[in-house]
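Undergrad: One structure, pasted below without further comment.
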Amino acid sequence: MKQTILTILFALLTISATAQIKSEVSETVELMGILSRTAGFQEFSNDLAGQYSKDTEAWFAQYREHPTVTYYKELRAKNGIAYDRVTNMAVHLEIEKGKVKLIGNRSELTGGWQDIDLDDFVKRLNKFYADTRFHEFFEQHRTFYNDFLKAYDKNIIAIKPEWYGRFYNGTAPTEQFRIIIGFTYGTTNNGASRQLPGQPRELFAVCGYNLNPQTGRPNFDSSLPLHEFNHSFVNPLLEKNENEKAMQEVGQRLFQLSQSTMMQQHYNDWHIVINESLVRAAVIVYFYENGFNQFVSSMLNVETMQNGFPWMLDVVSALRYYSTHREQYPTLNDFYPEIARFLNK
């Protein structure tokens, strides 16, 4: 949920800053988002995009009983395909000569996808793509996409990839950072990554398009791409056995402490709560270390009092300690057990 105070603050930040990373529209992100909307996935069904939502409904409502849509609903029920898993598939797809194909390393498709016949899914997706004349819909909205991308790039602060490399690994970044606008995503925002043969690893911040209900104008939130890029660095740390063991006890306690609030945000596991805690704290540290420290207290207040992370100051304090002791802790992975100790206190 977007908070008014932060929206105002981030609007002020755009006065003298321009995004270094140009935003993009992705036909495969739109395809997966609209398929999810057509299948009734709640997170993609909020009519927050004004005329674009109306256009989408008018074009695709007649396909709610399409065989691919029926099959896709079954995948949600049986395999938990939703939210970031939709995005993970989207960035591993490519459309070439009118055909959807799978690209990259299939082992990166986890969270339910590993139990699905991917070739069969892509075959069914191609049928949906052809039968709905999806490319025609996409091209009809090309001007709308491009106009918003220009406005978006003018209204978010500069993103510094070098900070991520330095903060997490003590090195220059080797990844390619990409911002994708999900025009069917509403307030859903996801991070994703992929590795194509012979190319730098790509990190995606997929940020939803939505309009302010009072003004009818698009919302711009500079924290969103910063947040989603952090996930590509934070989440893999907890996947390491030694880090999971170090964090498990305190993670479970924090989840129990805030379970009702977290479940409302669809954070239904202690792993998610820990990753969200670190990502949100890292965003605050990013602003602090890049000259926007005057807004840190307001951001802390929002995370602590409104977003359900009363331990946020402790996580930020841990990351600030890490930042000033890099000789002892060259990477965040080296410091990870200490974060658990900070939280246990």
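Naming works like this for the structure tokens: A, B, ... for the chains as they're shown, residue 1 at the start of each chain, ligands 1 onward in shown order.
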Please, which residues in range 87-145 of chain A fall within 12 Å of range 38-49 of chain A when counting only C-alpha atoms, and what is the closest atom pair and distance in Å to one decimal for each, ordered by chain then residue number, as a Markdown table?
TA:
```
| residue | atom | partner | partner_atom | distance |
| --- | --- | --- | --- | --- |
| A:Thr87 | CA | A:Phe44 | CA | 11.4 |
| A:Phe128 | CA | A:Thr38 | CA | 10.8 |
| A:Thr132 | CA | A:Thr38 | CA | 11.2 |
| A:Phe144 | CA | A:Ala49 | CA | 11.5 |
| A:Tyr145 | CA | A:Ala49 | CA | 11.8 |
```
Undergrad: Compile the contact shell of Tyr322 in chain A as a PyMOL selection string: residues with an atom at most 12 Å away, counting only C-alpha atoms, same-chain residues fewer than 4 positions apart removed.
TA: chain A and resi 167-170+282+285+315-318+326-339+342
Undergrad: Would you write out those residues with C-alpha atoms, as a JSON list (two decimals), in the first residue's frame?
TA:
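As written to disk, selection18.json reads:
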```json
[["chain", "number", "residue", "atom", "x", "y", "z"],
["A", 167, "PHE", "CA", 27.00, -2.66, -0.59],
["A", 168, "TYR", "CA", 26.39, -6.37, -1.09],
["A", 169, "ASN", "CA", 29.70, -7.65, -2.47],
["A", 170, "GLY", "CA", 32.30, -4.91, -2.16],
["A", 282, "ALA", "CA", 18.42, -1.62, 2.56],
["A", 285, "VAL", "CA", 20.27, 2.74, 3.92],
["A", 315, "VAL", "CA", 17.60, -3.99, 10.95],
["A", 316, "VAL", "CA", 18.66, -0.57, 9.72],
["A", 317, "SER", "CA", 21.06, -0.27, 12.65],
["A", 318, "ALA", "CA", 22.53, -3.66, 11.78],
["A", 326, "ARG", "CA", 33.57, -3.54, 5.85],
["A", 327, "GLU", "CA", 37.14, -4.61, 6.61],
["A", 328, "GLN", "CA", 35.69, -7.11, 9.05],
["A", 329, "TYR", "CA", 32.71, -7.98, 6.83],
["A", 330, "PRO", "CA", 33.64, -7.68, 3.13],
["A", 331, "THR", "CA", 30.18, -8.85, 1.95],
["A", 332, "LEU", "CA", 26.69, -8.91, 3.40],
["A", 333, "ASN", "CA", 26.86, -12.70, 3.35],
["A", 334, "ASP", "CA", 29.78, -12.48, 5.80],
["A", 335, "PHE", "CA", 27.67, -10.30, 8.08],
["A", 336, "TYR", "CA", 24.41, -12.25, 7.77],
["A", 337, "PRO", "CA", 24.66, -14.16, 11.11],
["A", 338, "GLU", "CA", 25.19, -10.84, 12.87],
["A", 339, "ILE", "CA", 21.84, -9.58, 11.58],
["A", 342, "PHE", "CA", 20.88, -7.88, 16.24]]
```
Undergrad: Taking the chain letters and numbering used in this document, name the residues of range 4-201 of chain A that DSSP puts in alpha helix (DSSP H), as a PyMOL selection string.
TA: chain A and resi 4-13+27-38+51-60+67-79+84-90+118-131+134-140+142-155+161-169
Undergrad: Considering only C-alpha atoms, state which residue in the set A:Asn293, A:Ile274, A:Asn307, A:Ser222 is at the smallest distance from Lys154 in chain A.
TA: A:Ser222
Undergrad: Counting only C-alpha atoms, which residues in range 35-143 of chain A sit no more than 12 Å from range 186-202 of chain A? For each one, give the nearest pair of atoms and the distance in Å, sorted by chain then residue number, as a tab-separated table.
TA:
```
residue	atom	partner	partner_atom	distance
A:Arg37	CA	A:Gly186	CA	10.9
A:Phe41	CA	A:Thr188	CA	11.7
A:Gln42	CA	A:Thr188	CA	10.3
A:Glu43	CA	A:Thr188	CA	6.6
A:Phe44	CA	A:Gly186	CA	6.8
A:Ser45	CA	A:Gly186	CA	8.1
A:Asn46	CA	A:Gly186	CA	6.5
A:Asp47	CA	A:Gly186	CA	7.5
A:Leu48	CA	A:Gly186	CA	5.6
A:Ala49	CA	A:Gly186	CA	6.8
A:Gly50	CA	A:Gly186	CA	10.4
A:Tyr52	CA	A:Gly186	CA	11.0
A:Ser53	CA	A:Gly186	CA	9.6
A:Ala82	CA	A:Thr188	CA	10.9
A:Tyr83	CA	A:Thr188	CA	7.5
A:Asp84	CA	A:Asn190	CA	5.5
A:Arg85	CA	A:Ala192	CA	9.0
A:Val86	CA	A:Asn190	CA	9.4
A:Thr87	CA	A:Asn190	CA	6.9
A:Asn88	CA	A:Ala192	CA	5.7
A:Met89	CA	A:Ala192	CA	9.2
A:Ala90	CA	A:Ala192	CA	9.3
A:Val91	CA	A:Arg194	CA	7.2
A:His92	CA	A:Arg194	CA	7.0
A:Leu93	CA	A:Arg194	CA	10.4
A:Glu94	CA	A:Leu196	CA	11.8
A:Leu102	CA	A:Leu196	CA	11.2
A:Ile103	CA	A:Leu196	CA	7.4
A:Gly104	CA	A:Leu196	CA	4.9
A:Asn105	CA	A:Gln195	CA	6.6
A:Arg106	CA	A:Arg194	CA	9.6
A:Ser107	CA	A:Arg194	CA	10.2
A:Glu108	CA	A:Arg194	CA	7.2
A:Leu109	CA	A:Arg194	CA	9.4
A:Thr110	CA	A:Ala192	CA	11.5
```
Undergrad: Nearest to Gln51 in chain A: which of A:Arg280, A:His141, A:Lys97, A:His266 is it, counting only C-alpha atoms?
TA: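 Checking each of A:Arg280, A:His141, A:Lys97, A:His266 against Gln51 in chain A, counting only C-alpha atoms, the winner is A:His141.
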Undergrad: Can you pull out the residues contacting Phe309 in chain A? Cut-off 9 Å, using only C-alpha atoms, and skip same-chain residues under 5 positions away; I want them as a list in words.
TA: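 My list of contacting residues is Ser258, Val273, Ser277, Val302, Glu303 and Thr304 of chain A.
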Undergrad: Work out how far apart CA of Val250 in chain A and CA of Tyr267 in chain A are and give it in Å to one decimal.
TA: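 It comes out at 16.1 Å.
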Undergrad: Got a sec to tell me which of range 78-282 of chain A DSSP assigns to strand (DSSP E), as an NGL selection string?
TA: :A and (93-96 or 99-102 or 176-182 or 190-194 or 202-208)
